[in-house]
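As stored in input-v9.tsv (TSV, C-alpha atoms):
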```tsv
chain	number	residue	atom	x	y	z
A	1	MET	CA	2.39	-5.23	3.97
A	2	LYS	CA	5.56	-6.77	5.12
A	3	ASN	CA	5.96	-6.48	8.88
A	4	PHE	CA	7.16	-10.07	9.26
A	5	ARG	CA	7.11	-10.87	12.95
A	6	PHE	CA	8.43	-13.96	14.71
A	7	TYR	CA	5.20	-15.79	15.39
A	8	ALA	CA	4.71	-19.53	15.39
A	9	VAL	CA	3.40	-20.28	11.92
A	10	VAL	CA	0.35	-22.52	11.91
A	11	LEU	CA	-0.35	-24.08	8.52
A	12	LEU	CA	-3.91	-24.74	7.45
A	13	ALA	CA	-5.37	-27.75	9.18
A	14	ALA	CA	-6.73	-30.70	7.24
A	15	VAL	CA	-9.71	-29.53	5.21
A	16	SER	CA	-13.04	-30.27	6.85
A	17	CYS	CA	-16.61	-29.18	6.29
A	18	ASN	CA	-17.33	-29.36	10.04
A	19	ARG	CA	-18.58	-25.87	10.99
A	20	GLU	CA	-18.31	-26.37	14.77
A	21	SER	CA	-14.95	-25.32	16.13
A	22	THR	CA	-13.39	-23.02	18.68
A	23	VAL	CA	-13.01	-19.44	17.40
A	24	PRO	CA	-10.32	-17.43	19.19
A	25	VAL	CA	-10.78	-13.66	19.27
A	26	PRO	CA	-8.00	-11.95	17.28
A	27	SER	CA	-6.18	-9.02	18.79
A	28	PRO	CA	-5.50	-5.87	16.73
A	29	SER	CA	-1.91	-7.13	16.39
A	30	VAL	CA	-2.54	-10.50	14.77
A	31	SER	CA	-0.39	-13.57	14.34
A	32	ALA	CA	-0.21	-16.06	11.51
A	33	ALA	CA	-2.35	-18.34	13.70
A	34	ALA	CA	-5.14	-15.73	13.78
A	35	LEU	CA	-4.91	-15.26	10.01
A	36	SER	CA	-5.13	-19.04	9.60
A	37	GLU	CA	-8.28	-19.13	11.73
A	38	VAL	CA	-9.97	-16.38	9.72
A	39	ALA	CA	-9.06	-18.15	6.47
A	40	ARG	CA	-10.65	-21.35	7.77
A	41	ILE	CA	-13.84	-19.55	8.81
A	42	MET	CA	-14.05	-17.76	5.44
A	43	SER	CA	-13.73	-21.12	3.67
A	44	GLU	CA	-16.66	-22.52	5.68
A	45	LEU	CA	-19.08	-19.70	4.88
A	46	PRO	CA	-21.74	-20.62	2.28
A	47	LEU	CA	-20.44	-18.10	-0.25
A	48	GLU	CA	-22.47	-17.42	-3.39
A	49	ARG	CA	-21.78	-15.26	-6.42
A	50	GLU	CA	-23.21	-12.18	-4.67
A	51	HIS	CA	-20.53	-12.49	-2.02
A	52	LEU	CA	-17.79	-12.81	-4.61
A	53	MET	CA	-19.13	-9.64	-6.24
A	54	GLU	CA	-19.00	-7.89	-2.86
A	55	VAL	CA	-15.30	-8.68	-2.47
A	56	TYR	CA	-14.64	-7.92	-6.16
A	57	ASP	CA	-16.32	-4.51	-5.83
A	58	ALA	CA	-14.35	-3.68	-2.70
A	59	VAL	CA	-10.90	-4.66	-4.01
A	60	GLY	CA	-11.63	-2.88	-7.29
A	61	SER	CA	-12.58	0.27	-5.40
A	62	SER	CA	-9.41	0.08	-3.26
A	63	SER	CA	-7.35	-0.34	-6.41
A	64	GLY	CA	-9.08	2.60	-8.08
A	65	ASN	CA	-8.24	4.75	-5.05
A	66	GLY	CA	-4.54	3.96	-5.46
A	67	TYR	CA	-4.26	1.16	-2.90
A	68	ASP	CA	-3.74	-2.58	-3.39
A	69	GLU	CA	-6.51	-5.07	-4.23
A	70	GLU	CA	-7.73	-5.31	-0.63
A	71	TYR	CA	-10.94	-5.50	1.41
A	72	MET	CA	-10.46	-4.66	5.07
A	73	MET	CA	-12.51	-6.43	7.71
A	74	ASN	CA	-13.52	-3.04	9.06
A	75	ASP	CA	-15.16	-2.25	5.72
A	76	LEU	CA	-16.63	-5.75	5.43
A	77	PHE	CA	-18.50	-5.32	8.73
A	78	GLU	CA	-19.15	-1.57	8.67
A	79	SER	CA	-19.78	-0.85	4.98
A	80	PRO	CA	-20.00	-3.97	2.79
A	81	GLY	CA	-18.45	-3.51	-0.64
A	82	ALA	CA	-16.46	-0.41	0.33
A	83	GLY	CA	-12.77	-0.23	-0.52
A	84	VAL	CA	-9.86	1.44	1.24
A	85	GLY	CA	-10.21	5.17	0.74
A	86	ASP	CA	-13.99	5.10	0.21
A	87	GLU	CA	-16.36	7.11	2.30
A	88	HIS	CA	-18.64	4.71	4.12
A	89	SER	CA	-22.25	4.95	3.03
A	90	GLU	CA	-25.40	2.84	3.17
A	91	THR	CA	-25.84	3.27	-0.60
A	92	LYS	CA	-23.15	0.73	-1.45
A	93	SER	CA	-24.07	-1.56	1.45
A	94	SER	CA	-27.68	-1.80	0.28
A	95	ALA	CA	-26.53	-3.34	-3.01
A	96	TYR	CA	-26.03	-6.69	-1.25
A	97	SER	CA	-29.12	-8.51	0.02
A	98	ARG	CA	-27.12	-10.78	2.31
A	99	PRO	CA	-23.57	-9.45	2.71
A	100	ILE	CA	-20.67	-11.50	4.03
A	101	ARG	CA	-21.04	-9.94	7.49
A	102	ASP	CA	-24.43	-11.69	7.75
A	103	LEU	CA	-22.78	-15.01	6.91
A	104	PHE	CA	-20.23	-14.38	9.68
A	105	ALA	CA	-23.00	-13.62	12.20
A	106	GLU	CA	-24.96	-16.73	11.25
A	107	TYR	CA	-21.87	-18.95	11.34
A	108	LEU	CA	-20.71	-17.71	14.73
A	109	ALA	CA	-24.17	-17.84	16.28
A	110	ALA	CA	-24.58	-21.44	15.15
A	111	ASN	CA	-21.22	-22.48	16.55
A	112	PRO	CA	-21.80	-23.83	20.11
A	113	ARG	CA	-18.13	-23.32	21.05
A	114	THR	CA	-18.15	-19.62	20.27
A	115	ARG	CA	-18.32	-17.68	23.52
A	116	SER	CA	-21.96	-18.31	24.43
A	117	GLY	CA	-24.05	-17.41	21.43
A	118	ALA	CA	-24.79	-13.91	20.18
A	119	SER	CA	-22.55	-12.00	22.58
A	120	GLY	CA	-19.60	-14.19	21.59
A	121	ALA	CA	-20.31	-13.68	17.90
A	122	GLU	CA	-20.52	-9.93	18.38
A	123	ASP	CA	-17.26	-9.86	20.34
A	124	TYR	CA	-15.49	-11.78	17.63
A	125	MET	CA	-16.81	-9.61	14.80
A	126	ASN	CA	-15.92	-6.44	16.71
A	127	ALA	CA	-12.41	-7.78	17.22
A	128	LEU	CA	-12.08	-8.54	13.51
A	129	SER	CA	-13.41	-5.13	12.59
A	130	SER	CA	-10.91	-3.34	14.86
A	131	SER	CA	-7.96	-5.41	13.62
A	132	ASP	CA	-5.89	-4.85	10.46
A	133	ILE	CA	-7.00	-8.16	8.91
A	134	GLN	CA	-8.19	-8.03	5.33
A	135	ILE	CA	-8.92	-10.06	2.20
A	136	TYR	CA	-6.26	-9.57	-0.46
A	137	TRP	CA	-7.25	-10.65	-3.97
A	138	PRO	CA	-4.22	-10.49	-6.30
A	139	TYR	CA	-4.92	-10.36	-10.04
A	140	SER	CA	-8.61	-9.76	-9.33
A	141	GLU	CA	-9.00	-7.94	-12.65
A	142	ASP	CA	-8.76	-11.32	-14.41
A	143	TRP	CA	-11.71	-12.88	-12.56
A	144	ASP	CA	-14.29	-14.48	-14.89
A	145	GLY	CA	-17.23	-13.41	-12.74
A	146	SER	CA	-18.20	-16.83	-11.39
A	147	THR	CA	-15.25	-19.04	-10.33
A	148	LEU	CA	-15.00	-19.49	-6.57
A	149	PRO	CA	-11.68	-18.59	-4.90
A	150	ILE	CA	-9.07	-20.68	-3.18
A	151	ILE	CA	-8.76	-19.25	0.32
A	152	THR	CA	-5.38	-19.08	2.05
A	153	TYR	CA	-3.47	-16.74	4.37
A	154	ASP	CA	-0.06	-15.07	4.71
A	155	PRO	CA	2.17	-17.48	6.68
A	156	GLY	CA	4.85	-14.82	7.21
A	157	TYR	CA	8.64	-15.24	7.11
A	158	GLY	CA	8.64	-14.23	3.45
A	159	ALA	CA	7.17	-17.60	2.41
A	160	GLU	CA	6.04	-17.97	-1.20
A	161	THR	CA	3.76	-21.02	-0.76
A	162	ASN	CA	1.03	-22.09	1.63
A	163	MET	CA	-1.89	-24.51	1.75
A	164	GLY	CA	-5.26	-23.22	0.59
A	165	TYR	CA	-8.92	-24.30	0.70
A	166	VAL	CA	-10.43	-25.13	-2.69
A	167	LEU	CA	-14.11	-24.17	-2.97
A	168	GLU	CA	-16.83	-25.35	-5.32
A	169	TYR	CA	-20.54	-24.55	-5.47
A	170	GLY	CA	-22.84	-26.88	-3.57
A	171	PRO	CA	-26.61	-26.89	-3.03
A	172	ASP	CA	-26.30	-24.46	-0.09
A	173	GLY	CA	-23.45	-22.31	-1.37
A	174	ALA	CA	-19.68	-22.81	-1.49
A	175	GLU	CA	-18.18	-25.95	0.00
A	176	VAL	CA	-14.60	-26.99	0.67
A	177	VAL	CA	-13.71	-29.86	-1.66
A	178	ASP	CA	-9.93	-30.06	-1.47
A	179	SER	CA	-6.71	-28.46	-0.29
A	180	VAL	CA	-3.92	-27.33	-2.59
A	181	LEU	CA	-0.49	-25.74	-2.35
A	182	VAL	CA	-0.91	-22.11	-3.39
A	183	ASP	CA	1.79	-19.98	-4.99
A	184	GLU	CA	1.75	-16.81	-7.10
A	185	GLN	CA	1.61	-18.73	-10.37
A	186	LEU	CA	-1.65	-20.33	-9.27
A	187	ALA	CA	-3.03	-16.94	-8.20
A	188	MET	CA	-2.39	-15.70	-11.74
A	189	THR	CA	-4.59	-18.40	-13.24
A	190	ARG	CA	-7.55	-18.63	-10.86
A	191	PRO	CA	-9.02	-16.55	-8.00
A	192	VAL	CA	-7.14	-16.68	-4.70
A	193	TRP	CA	-8.16	-14.80	-1.57
A	194	VAL	CA	-5.30	-14.23	0.86
A	195	ILE	CA	-6.12	-13.34	4.46
A	196	ASN	CA	-3.34	-10.95	5.43
A	197	ARG	CA	-2.68	-7.70	7.25
A	198	ASN	CA	-3.15	-4.17	5.99
A	199	ASP	CA	-0.42	-1.57	6.41
A	200	ASP	CA	-1.21	1.07	3.79
A	201	ALA	CA	-4.71	2.28	4.70
A	202	ALA	CA	-3.28	4.94	7.02
A	203	PHE	CA	-1.48	6.62	4.11
A	204	THR	CA	-2.86	8.65	1.22
A	205	PRO	CA	-1.63	7.59	-2.22
A	206	LEU	CA	-0.64	10.15	-4.82
A	207	GLY	CA	-3.90	10.15	-6.79
A	208	MET	CA	-6.13	10.65	-3.75
A	209	PHE	CA	-3.78	13.33	-2.41
A	210	ARG	CA	-4.29	15.28	-5.63
A	211	GLU	CA	-8.06	14.95	-5.39
A	212	GLU	CA	-8.18	15.99	-1.75
A	213	SER	CA	-5.84	18.97	-2.10
A	214	GLU	CA	-6.89	19.96	-5.64
A	215	GLY	CA	-3.21	20.36	-6.33
A	216	THR	CA	-0.03	18.34	-6.31
A	217	PRO	CA	1.87	16.65	-3.45
A	218	SER	CA	4.59	19.22	-2.99
A	219	ALA	CA	5.59	20.54	0.41
A	220	SER	CA	5.46	24.32	0.53
A	221	PRO	CA	8.76	26.12	1.09
A	222	ALA	CA	8.93	28.99	3.51
A	223	VAL	CA	9.84	31.32	0.64
A	224	SER	CA	9.63	30.36	-3.01
A	225	ILE	CA	10.89	33.50	-4.69
A	226	VAL	CA	12.68	36.47	-3.18
A	227	GLY	CA	12.13	39.77	-4.92
A	228	GLY	CA	8.76	39.00	-6.43
A	229	GLU	CA	9.39	38.31	-10.14
A	230	GLU	CA	10.53	35.11	-11.85
A	231	ASP	CA	13.82	35.45	-13.67
A	232	GLY	CA	13.06	32.77	-16.26
A	233	GLU	CA	15.86	30.48	-15.04
A	234	SER	CA	13.92	28.29	-12.63
A	235	ARG	CA	11.78	25.32	-13.64
A	236	MET	CA	9.41	22.96	-11.90
A	237	LEU	CA	10.75	19.46	-11.25
A	238	PHE	CA	8.41	16.46	-11.63
A	239	VAL	CA	8.67	12.72	-11.24
A	240	LYS	CA	7.19	11.84	-14.62
A	241	SER	CA	7.11	8.06	-14.21
A	242	LEU	CA	8.34	5.09	-12.19
A	243	GLN	CA	9.21	1.53	-13.17
A	244	MET	CA	9.65	-1.27	-10.60
A	245	LEU	CA	12.17	-3.91	-11.68
A	246	ARG	CA	11.46	-6.43	-8.89
A	247	ASN	CA	8.85	-7.08	-6.25
A	248	TYR	CA	10.13	-6.17	-2.81
A	249	ASP	CA	8.09	-8.61	-0.74
A	250	SER	CA	6.44	-12.02	-0.66
A	251	TRP	CA	3.36	-12.20	-2.90
A	252	PHE	CA	1.25	-13.04	0.15
A	253	GLY	CA	2.01	-9.52	1.38
A	254	GLY	CA	0.82	-7.89	-1.83
A	255	ALA	CA	1.98	-4.77	-3.62
A	256	SER	CA	5.06	-2.66	-3.01
A	257	GLU	CA	4.34	0.70	-1.37
A	258	PHE	CA	6.99	3.22	-2.38
A	259	PHE	CA	7.49	6.50	-0.59
A	260	ILE	CA	9.37	9.06	-2.67
A	261	LYS	CA	10.91	11.85	-0.62
A	262	CYS	CA	12.80	14.94	-1.74
A	263	GLY	CA	14.54	17.46	0.52
A	264	ALA	CA	15.58	20.83	-0.89
A	265	VAL	CA	15.51	24.59	-0.47
A	266	ASP	CA	12.81	25.08	-3.05
A	267	GLY	CA	13.17	28.19	-5.20
A	268	PHE	CA	16.46	29.32	-3.64
A	269	LYS	CA	17.55	32.73	-5.05
A	270	ALA	CA	19.21	34.51	-2.14
A	271	THR	CA	21.83	37.17	-2.89
A	272	THR	CA	22.23	38.75	0.56
A	273	ASP	CA	22.63	37.54	4.15
A	274	GLU	CA	19.18	38.88	4.96
A	275	GLU	CA	17.60	36.90	2.15
A	276	LEU	CA	19.54	33.78	3.13
A	277	ARG	CA	17.88	33.77	6.54
A	278	LEU	CA	14.44	33.76	4.92
A	279	TYR	CA	14.90	30.27	3.50
A	280	THR	CA	14.22	26.93	5.17
A	281	PRO	CA	14.32	23.50	3.53
A	282	SER	CA	11.17	21.61	2.66
A	283	VAL	CA	10.45	17.92	2.18
A	284	THR	CA	8.14	16.53	-0.50
A	285	ASP	CA	6.75	13.11	0.41
A	286	PHE	CA	4.21	10.96	-1.43
A	287	MET	CA	3.21	7.29	-1.70
A	288	VAL	CA	2.86	5.20	-4.83
A	289	VAL	CA	1.46	1.65	-4.66
A	290	VAL	CA	2.84	-0.63	-7.40
A	291	LYS	CA	0.80	-3.80	-7.76
A	292	ARG	CA	2.46	-7.09	-8.58
A	293	ARG	CA	0.92	-7.20	-12.03
A	294	GLN	CA	2.66	-3.86	-12.73
A	295	LEU	CA	6.15	-5.32	-12.37
A	296	GLY	CA	8.31	-3.97	-15.20
A	297	ARG	CA	5.66	-1.53	-16.41
A	298	THR	CA	6.25	2.21	-16.68
A	299	ILE	CA	3.74	3.91	-14.40
A	300	PRO	CA	2.95	7.56	-15.18
A	301	LEU	CA	2.96	9.79	-12.09
A	302	ASP	CA	3.49	13.43	-13.06
A	303	ALA	CA	4.18	14.25	-9.41
A	304	LEU	CA	5.62	17.64	-8.53
A	305	LEU	CA	8.84	17.47	-6.48
A	306	LEU	CA	9.95	21.10	-6.56
A	307	THR	CA	8.01	24.19	-7.58
A	308	SER	CA	11.18	26.05	-8.53
A	309	LEU	CA	14.52	24.38	-9.33
A	310	THR	CA	16.96	27.27	-9.66
A	311	PRO	CA	20.60	27.40	-10.84
A	312	GLN	CA	21.69	28.16	-7.26
A	313	MET	CA	20.48	24.78	-6.00
A	314	GLU	CA	23.56	22.52	-6.28
A	315	ASN	CA	22.21	19.35	-4.62
A	316	ILE	CA	18.86	18.04	-3.51
A	317	ALA	CA	18.37	15.07	-1.19
A	318	PHE	CA	16.45	12.17	-2.74
A	319	LEU	CA	15.14	9.08	-0.97
A	320	ILE	CA	13.01	6.15	-2.14
A	321	ILE	CA	11.84	3.59	0.41
A	322	GLU	CA	9.54	0.59	0.24
A	323	ASP	CA	7.35	0.55	3.32
A	324	ASP	CA	7.89	-2.21	5.87
A	325	GLY	CA	6.95	-0.30	9.02
A	326	GLY	CA	8.79	-0.23	12.33
A	327	LYS	CA	9.91	2.67	14.49
A	328	THR	CA	10.27	6.14	13.03
A	329	THR	CA	13.82	7.24	12.38
A	330	SER	CA	15.29	9.79	9.99
A	331	TRP	CA	17.97	10.37	7.41
A	332	LYS	CA	20.04	13.37	8.40
A	333	CYS	CA	21.22	14.98	5.19
A	334	SER	CA	21.70	18.37	3.59
A	335	ALA	CA	20.46	20.32	0.61
A	336	VAL	CA	23.31	22.31	-0.91
A	337	VAL	CA	22.86	25.77	-2.42
A	338	LYS	CA	25.30	28.27	-3.90
A	339	TYR	CA	25.44	31.64	-2.19
A	340	ASN	CA	27.96	34.40	-2.90
A	341	SER	CA	30.21	31.99	-4.84
A	342	ARG	CA	30.34	29.41	-2.07
A	343	SER	CA	28.32	26.31	-1.25
A	344	TYR	CA	26.07	26.26	1.78
A	345	GLY	CA	24.23	23.24	3.22
A	346	PHE	CA	20.83	23.34	4.84
A	347	GLU	CA	20.39	20.45	7.28
A	348	ILE	CA	17.35	18.24	6.69
A	349	ASN	CA	15.84	15.29	8.57
A	350	ILE	CA	13.82	13.06	6.24
A	351	PRO	CA	11.74	10.54	8.23
A	352	TYR	CA	11.29	6.86	7.44
A	353	LYS	CA	10.74	3.60	9.39
A	354	ASP	CA	13.61	1.41	10.57
A	355	ARG	CA	12.25	-1.72	8.85
A	356	ASP	CA	11.72	0.00	5.51
A	357	ASP	CA	13.68	-1.18	2.50
A	358	ILE	CA	15.86	1.73	1.41
A	359	VAL	CA	15.59	1.51	-2.36
A	360	TRP	CA	17.92	4.48	-2.93
A	361	ARG	CA	19.31	7.32	-0.83
A	362	GLY	CA	21.64	10.10	-1.90
A	363	GLN	CA	22.12	13.52	-3.48
A	364	LEU	CA	21.01	14.58	-6.94
A	365	SER	CA	23.30	17.27	-8.30
A	366	SER	CA	22.24	20.13	-10.54
A	367	SER	CA	24.41	18.67	-13.33
A	368	PHE	CA	22.12	15.61	-13.40
A	369	PHE	CA	19.29	17.83	-14.67
A	370	GLU	CA	21.33	20.47	-16.52
A	371	GLY	CA	20.25	21.13	-20.10
A	372	LYS	CA	17.54	18.45	-20.09
A	373	ASP	CA	13.77	18.45	-20.26
A	374	GLU	CA	13.64	14.80	-19.21
A	375	VAL	CA	16.20	12.55	-17.56
A	376	SER	CA	15.97	8.96	-16.33
A	377	GLY	CA	18.06	7.02	-13.86
A	378	ARG	CA	18.09	3.69	-12.09
A	379	PHE	CA	17.75	4.05	-8.34
A	380	GLY	CA	18.22	0.60	-6.84
A	381	ASP	CA	15.67	-1.61	-8.54
A	382	VAL	CA	13.46	1.30	-9.57
A	383	VAL	CA	13.80	3.44	-12.70
A	384	VAL	CA	12.66	7.04	-12.24
A	385	THR	CA	12.09	9.53	-15.05
A	386	PHE	CA	12.21	13.20	-14.12
A	387	ALA	CA	10.76	16.06	-16.16
A	388	LEU	CA	11.55	19.77	-15.96
A	389	ARG	CA	8.99	22.31	-17.15
```
Before anything else, please render the file you have as structure tokens.
Amino acid sequence: MKNFRFYAVVLLAAVSCNRESTVPVPSPSVSAAALSEVARIMSELPLEREHLMEVYDAVGSSSGNGYDEEYMMNDLFESPGAGVGDEHSETKSSAYSRPIRDLFAEYLAANPRTRSGASGAEDYMNALSSSDIQIYWPYSEDWDGSTLPIITYDPGYGAETNMGYVLEYGPDGAEVVDSVLVDEQLAMTRPVWVINRNDDAAFTPLGMFREESEGTPSASPAVSIVGGEEDGESRMLFVKSLQMLRNYDSWFGGASEFFIKCGAVDGFKATTDEELRLYTPSVTDFMVVVKRRQLGRTIPLDALLLTSLTPQMENIAFLIIEDDGGKTTSWKCSAVVKYNSRSYGFEINIPYKDRDDIVWRGQLSSSFFEGKDEVSGRFGDVVVTFALR
């Protein structure tokens, strides 16, 4: 969630309960100014506990699906209460008698400066729904079930503080009563909704990948075993667990999304030139979202990297990145195997984005795993534990 772009940052305006203001239509590629505007509108909606439960249900569902604690505007308007990764259905939507999308429609229709009534309101809501704007609720698991949130937005530039709207219950729902400087420490002690941008919904996290494929996230090699029978020397290689030692982005941006990539000639056992030509390298690639509250915790993964790590595989390529987007590029590397008493490299291109943080990139040699059932190592600011079975 960290594609920091060079926009003019507009801090929250002085807090006001005036609900009549110009509402610019956000484009799918939104600036900090557009996020600020959405935060202001959200703060002026007459939120009640039902609406807090709607957001709480959605961010909890996203989190359960392996994503961050996030509620996309597309889900808010199309399927209230649905999280990222949910299938949209009217069953969940019907749980809310007056969802937040109704509050938006009423607010925009009542605003005389909003593009001529109903058509303007519809245009604005359609624009929000088609954008990547979302509500991010860090530390939502600690919510007491009633306290209203402070509403702020991601100012960009890696900032760690911003002004936020303080809400309290009034006779007609939530009202803005104050403004306050918001940082992560405050978000740990009371609810804070951050209006920011989503950049992980297009990817499938490890847990959902397993459910969808009824297997494990391992790329299939062209040939796993030559000759038909196992020789008892090969073992499966797993990433057993991961531990993040620092957050990689501003807290306004949310969790760290790690992509773990492994390039190798899985199950290599060639003994002749003909068998050598049967093999091609494969790339395993999966995403793990590490929430900010999970900093320093060991997260079990049990993710399969290689179906068959054989003694002939001298080096495998290993890459960990933290997603920041950008243009697709690749790491040109090689997976080294031993064939007829000499080493041979298979060329591999492992894709990543040019703005991504490269946590670690290099070769893992067979000696790193030799004679071990489990082995751990620090790769940048991430500790990875491997298991062989």
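The smallest atom-to-atom distance between Asp172 (chain A) and any of A:Thr284, A:Ala127, A:Pro46, A:Leu278, using all atoms listed in the file, is found for A:Pro46.
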**Asked** Please, what distance in Å, to one decimal, runs between CA of Asn196 (chain A) and CA of Phe252 (chain A)?
**Response** 7.3 Å
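Comparing the minimum interatomic distances between Thr189 (chain A) and each of A:Ile150, A:Ala201, A:Ile321, A:Leu206, counting all atoms listed in the file, we find that A:Ile150 sits nearest.
When CA of Ser94 (chain A) is paired with CA of Val55 (chain A), their separation reads 14.4 Å.
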**Asked** Separation of CA of Met125 (chain A) and CA of Val177 (chain A), in Å?
**Response** 26.3 Å
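The residue set within 12 Å of Gly66 (chain A), counting only C-alpha atoms and dropping same-chain residues fewer than 5 places from it, reads A:Val59, A:Gly60, A:Ser61, A:Gly83, A:Val84, A:Gly85, A:Asp86, A:Asp200, A:Ala201, A:Phe203, A:Thr204, A:Pro205, A:Leu206, A:Gly207, A:Met208, A:Phe209, A:Arg210, A:Glu211, A:Ala255, A:Ser256, A:Glu257, A:Phe258, A:Phe286, A:Met287, A:Val288, A:Val289, A:Val290, A:Lys291, A:Leu301.
With distances taken over all atoms listed in the file, A:Asp249 is the one residue among A:Asp249, A:Asp273, A:Glu141, A:Glu37 lying closest to Glu322 (chain A).
Omitting region 368-371 of chain A and its sequence neighbours fewer than 3 positions away, and counting only C-alpha atoms, the residues within 12 Å are Glu233, Ser234, Arg235, Met236, Leu237, Phe238, Leu309, Thr310, Pro311, Met313, Glu314, Asn315, Ile316, Gln363, Leu364, Ser365, Glu374, Val375, Ser376, Gly377, Thr385, Phe386, Ala387, Leu388 and Arg389 of chain A.
Nearest to Ala159 (chain A) of all the residues A:Asp142, A:Met244, A:Ser131, A:Asp183 is A:Asp183, counting all atoms listed in the file.
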**Test item: residues at most 7 Å from Cys262 (chain A), all atoms listed in the file, excluding those fewer than 6 positions along its chain, as a ChimeraX atom specification** = /A:283-285,305,317-319
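Counting all atoms listed in the file, the residue from A:Val166, A:Val176, A:Leu306, A:Ala270 that sits nearest to Val192 (chain A) is A:Val166.
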